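Enquirer: The structure's right below; bear with me while I get my questions together.
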Amino acid sequence: MKLKGTKFQQQVWRYLLKIPYGKVKTYKEIAIKLNKPNSARAIANACAKNPYAPSIPCHRVIRSDGKLGGYSGPGGVKTKEKLLKKEGFLVK
DNA sequence: CACATGACCTAAC
DNA sequence: TGTTAGGCCATGT
């Protein structure tokens with residue numbers, strides 16, 4: 001199959017898939033792991049535009065403040081919060 | 001190439 | 001502690 005998005009996005013999505021169940025990562029952490037410590041914003045951008053929405057746990061990504069940030073899926077942050085709680089992560 | 005957008009971060013008030 | 005302003009990055013128009 002043909003991969004979608006740019007190399008950067010693919011990198012981000014690949015890392016999202018590495019996040020284990022019940023775990024959450026911050027945009028900054030991911031940015032650092034990708035060797036781009038200041039690209040937190042771009043990371044969020046990639047997550048929001050990921051074409052594999054249901055396949056990628058983009059809801060496991062939160063802000064460095066511990067807040068949820070946002071969610072492009074149905075229900076918005078509300079759904080995100082529910083998913084995280086379901087996975088055992090208590091939202092602040 | 002220049003401008004605008006967004007699920008961000010940090011500092012300053 | 002809450003709000004404002006500036007900076008940073010990748011993408012799309």
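Chain labels follow the order of the structure tokens: the first chain is A, the next B, and so on; residue numbering restarts at 1 in every chain, and ligands are counted from 1 in their shown order.
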Pick out the chain B residues within 12 Å of chain A. Count only C-alpha atoms (C1' of nucleotides). Give them as a list of chain:residue names.
Expert: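 The contacting residues on chain B are B:DT5, B:DG6, B:DA7, B:DC8, B:DC9, B:DT10.
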Enquirer: Okay, now the selection with N, CA and C atoms (P, O5', C5', C4', C3', O3' and C1' of nucleotides), as a PDB file, in the first residue's frame?
Expert:
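part_11.pdb was written with the following content:
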ATOM      1  P    DT B   5      -5.783  32.381   9.168  1.00  0.00           P
ATOM      2  O5'  DT B   5      -5.396  30.880   9.589  1.00  0.00           O
ATOM      3  C5'  DT B   5      -5.795  29.796   8.740  1.00  0.00           C
ATOM      4  C4'  DT B   5      -5.382  28.468   9.358  1.00  0.00           C
ATOM      5  C3'  DT B   5      -5.674  28.368  10.862  1.00  0.00           C
ATOM      6  O3'  DT B   5      -6.433  27.181  11.109  1.00  0.00           O
ATOM      7  C1'  DT B   5      -3.450  27.724  10.383  1.00  0.00           C
ATOM      8  P    DG B   6      -7.210  27.072  12.504  1.00  0.00           P
ATOM      9  O5'  DG B   6      -6.274  26.023  13.294  1.00  0.00           O
ATOM     10  C5'  DG B   6      -6.083  24.708  12.770  1.00  0.00           C
ATOM     11  C4'  DG B   6      -5.143  23.930  13.679  1.00  0.00           C
ATOM     12  C3'  DG B   6      -5.392  24.180  15.177  1.00  0.00           C
ATOM     13  O3'  DG B   6      -5.420  22.951  15.891  1.00  0.00           O
ATOM     14  C1'  DG B   6      -3.140  24.666  14.602  1.00  0.00           C
ATOM     15  P    DA B   7      -6.751  22.722  16.760  1.00  0.00           P
ATOM     16  O5'  DA B   7      -6.220  21.749  17.880  1.00  0.00           O
ATOM     17  C5'  DA B   7      -5.907  22.238  19.169  1.00  0.00           C
ATOM     18  C4'  DA B   7      -5.134  21.203  19.921  1.00  0.00           C
ATOM     19  C3'  DA B   7      -3.642  21.196  19.593  1.00  0.00           C
ATOM     20  O3'  DA B   7      -2.932  21.052  20.804  1.00  0.00           O
ATOM     21  C1'  DA B   7      -4.542  19.043  19.277  1.00  0.00           C
ATOM     22  P    DC B   8      -2.616  22.337  21.669  1.00  0.00           P
ATOM     23  O5'  DC B   8      -1.042  22.406  21.440  1.00  0.00           O
ATOM     24  C5'  DC B   8      -0.285  21.288  21.069  1.00  0.00           C
ATOM     25  C4'  DC B   8       1.170  21.557  21.443  1.00  0.00           C
ATOM     26  C3'  DC B   8       1.337  21.880  22.929  1.00  0.00           C
ATOM     27  O3'  DC B   8       2.539  21.294  23.427  1.00  0.00           O
ATOM     28  C1'  DC B   8       2.080  23.705  21.620  1.00  0.00           C
ATOM     29  P    DC B   9       2.824  21.555  24.979  1.00  0.00           P
ATOM     30  O5'  DC B   9       3.841  22.773  24.888  1.00  0.00           O
ATOM     31  C5'  DC B   9       5.103  22.568  24.251  1.00  0.00           C
ATOM     32  C4'  DC B   9       6.085  23.634  24.679  1.00  0.00           C
ATOM     33  C3'  DC B   9       6.123  23.852  26.189  1.00  0.00           C
ATOM     34  O3'  DC B   9       7.461  23.984  26.628  1.00  0.00           O
ATOM     35  C1'  DC B   9       5.540  25.870  25.095  1.00  0.00           C
ATOM     36  P    DT B  10       7.777  24.172  28.191  1.00  0.00           P
ATOM     37  O5'  DT B  10       8.195  25.720  28.302  1.00  0.00           O
ATOM     38  C5'  DT B  10       9.045  26.257  27.293  1.00  0.00           C
ATOM     39  C4'  DT B  10       9.220  27.746  27.534  1.00  0.00           C
ATOM     40  C3'  DT B  10       9.282  28.109  29.014  1.00  0.00           C
ATOM     41  O3'  DT B  10      10.429  28.921  29.241  1.00  0.00           O
ATOM     42  C1'  DT B  10       7.617  29.405  27.913  1.00  0.00           C
TER      43       DT B  10
END
Enquirer: Using only C-alpha atoms (C1' of nucleotides), which protein or nucleic acid residues come within 12 Å of Leu3 of chain A? Drop anything in the same chain fewer than 6 positions from it, and give the result as a list in words.
Expert: Gln9, Gln10, Gln11, Trp13, Arg14, Asn50, Pro51 and Tyr52 of chain A
Enquirer: With a distance cut-off of 9 Å and only C-alpha atoms (C1' of nucleotides), select the neighbouring residues of segment 3-6 of chain C, excluding the residue or stretch itself and same-chain residues fewer than 2 positions from it, and output the selection as a list in words.
Expert: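 Those residues are DA11, DA12 and DC13 of chain B.
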Enquirer: Take the residues from that selection and put them in a file with N, CA and C atoms (P, O5', C5', C4', C3', O3' and C1' of nucleotides), as an mmCIF file, in the first residue's frame.
Expert:
data_model
loop_
_atom_site.group_PDB
_atom_site.id
_atom_site.type_symbol
_atom_site.label_atom_id
_atom_site.label_comp_id
_atom_site.auth_asym_id
_atom_site.auth_seq_id
_atom_site.Cartn_x
_atom_site.Cartn_y
_atom_site.Cartn_z
ATOM 1 P P DA B 11 10.647 29.493 30.730
ATOM 2 O "O5'" DA B 11 10.374 31.050 30.476
ATOM 3 C "C5'" DA B 11 10.724 31.637 29.219
ATOM 4 C "C4'" DA B 11 10.188 33.048 29.141
ATOM 5 C "C3'" DA B 11 10.335 33.829 30.450
ATOM 6 O "O3'" DA B 11 10.706 35.171 30.165
ATOM 7 C "C1'" DA B 11 8.057 33.745 29.820
ATOM 8 P P DA B 12 11.019 36.152 31.433
ATOM 9 O "O5'" DA B 12 9.739 37.112 31.381
ATOM 10 C "C5'" DA B 12 9.334 37.702 30.151
ATOM 11 C "C4'" DA B 12 8.048 38.498 30.345
ATOM 12 C "C3'" DA B 12 8.028 39.332 31.635
ATOM 13 O "O3'" DA B 12 7.533 40.632 31.360
ATOM 14 C "C1'" DA B 12 6.142 37.913 31.536
ATOM 15 P P DC B 13 7.546 41.751 32.522
ATOM 16 O "O5'" DC B 13 6.010 41.931 32.885
ATOM 17 C "C5'" DC B 13 5.016 41.654 31.907
ATOM 18 C "C4'" DC B 13 3.634 42.012 32.438
ATOM 19 C "C3'" DC B 13 3.614 42.760 33.756
ATOM 20 O "O3'" DC B 13 2.613 43.767 33.737
ATOM 21 C "C1'" DC B 13 2.447 40.722 33.997
#
Enquirer: So the first atom is atom CA of Arg60 of chain A and the second is atom CA of Lys23 of chain A; what is the distance between them in Å, to one decimal place?
Expert: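 If I compute the distance from atom CA of Arg60 of chain A to atom CA of Lys23 of chain A, I get 6.8 Å.
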Enquirer: Which distance in Å separates atom CA of Lys4 of chain A and atom CA of Lys67 of chain A, to one decimal?
Expert: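 Those two atoms sit 29.1 Å apart.
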Enquirer: Each residue of chain C lying at most 9 Å from chain A should get a row with its shortest atom-to-atom pair and the distance in Å to one decimal, counting only C-alpha atoms (C1' of nucleotides); could you produce that, ordered by chain and increasing number, as JSON lines?
Expert:
{"residue": "C:DC8", "atom": "C1'", "partner": "A:Asn38", "partner_atom": "CA", "distance": 6.3}
{"residue": "C:DC9", "atom": "C1'", "partner": "A:Ser39", "partner_atom": "CA", "distance": 4.9}
{"residue": "C:DA10", "atom": "C1'", "partner": "A:Ala42", "partner_atom": "CA", "distance": 5.1}
{"residue": "C:DT11", "atom": "C1'", "partner": "A:Asn45", "partner_atom": "CA", "distance": 8.1}
Enquirer: Taking the DSSP secondary structure from the backbone, can you list the residues of chain A that are strand (DSSP E), as a short mmCIF file (atom, residue, chain, number, x, y, z; two decimals) with N, CA and C atoms, in the first residue's frame?
Expert:
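Full text of part.cif as output:
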data_model
loop_
_atom_site.label_atom_id
_atom_site.label_comp_id
_atom_site.auth_asym_id
_atom_site.auth_seq_id
_atom_site.Cartn_x
_atom_site.Cartn_y
_atom_site.Cartn_z
N LYS A 25 1.69 10.03 26.33
CA LYS A 25 2.92 10.77 26.06
C LYS A 25 2.56 12.23 25.78
N THR A 26 3.53 13.09 25.99
CA THR A 26 3.30 14.50 25.70
C THR A 26 3.86 14.84 24.33
N VAL A 61 -1.96 11.15 23.37
CA VAL A 61 -1.01 12.26 23.35
C VAL A 61 -1.64 13.48 24.03
N ILE A 62 -0.93 14.00 25.02
CA ILE A 62 -1.45 15.15 25.76
C ILE A 62 -0.41 16.27 25.83
#
Enquirer: What does the distance between atom CA of Lys18 of chain A and atom CA of Pro57 of chain A come to in Å, to one decimal place?
Expert: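 Between these atoms lies a distance of 9.4 Å.
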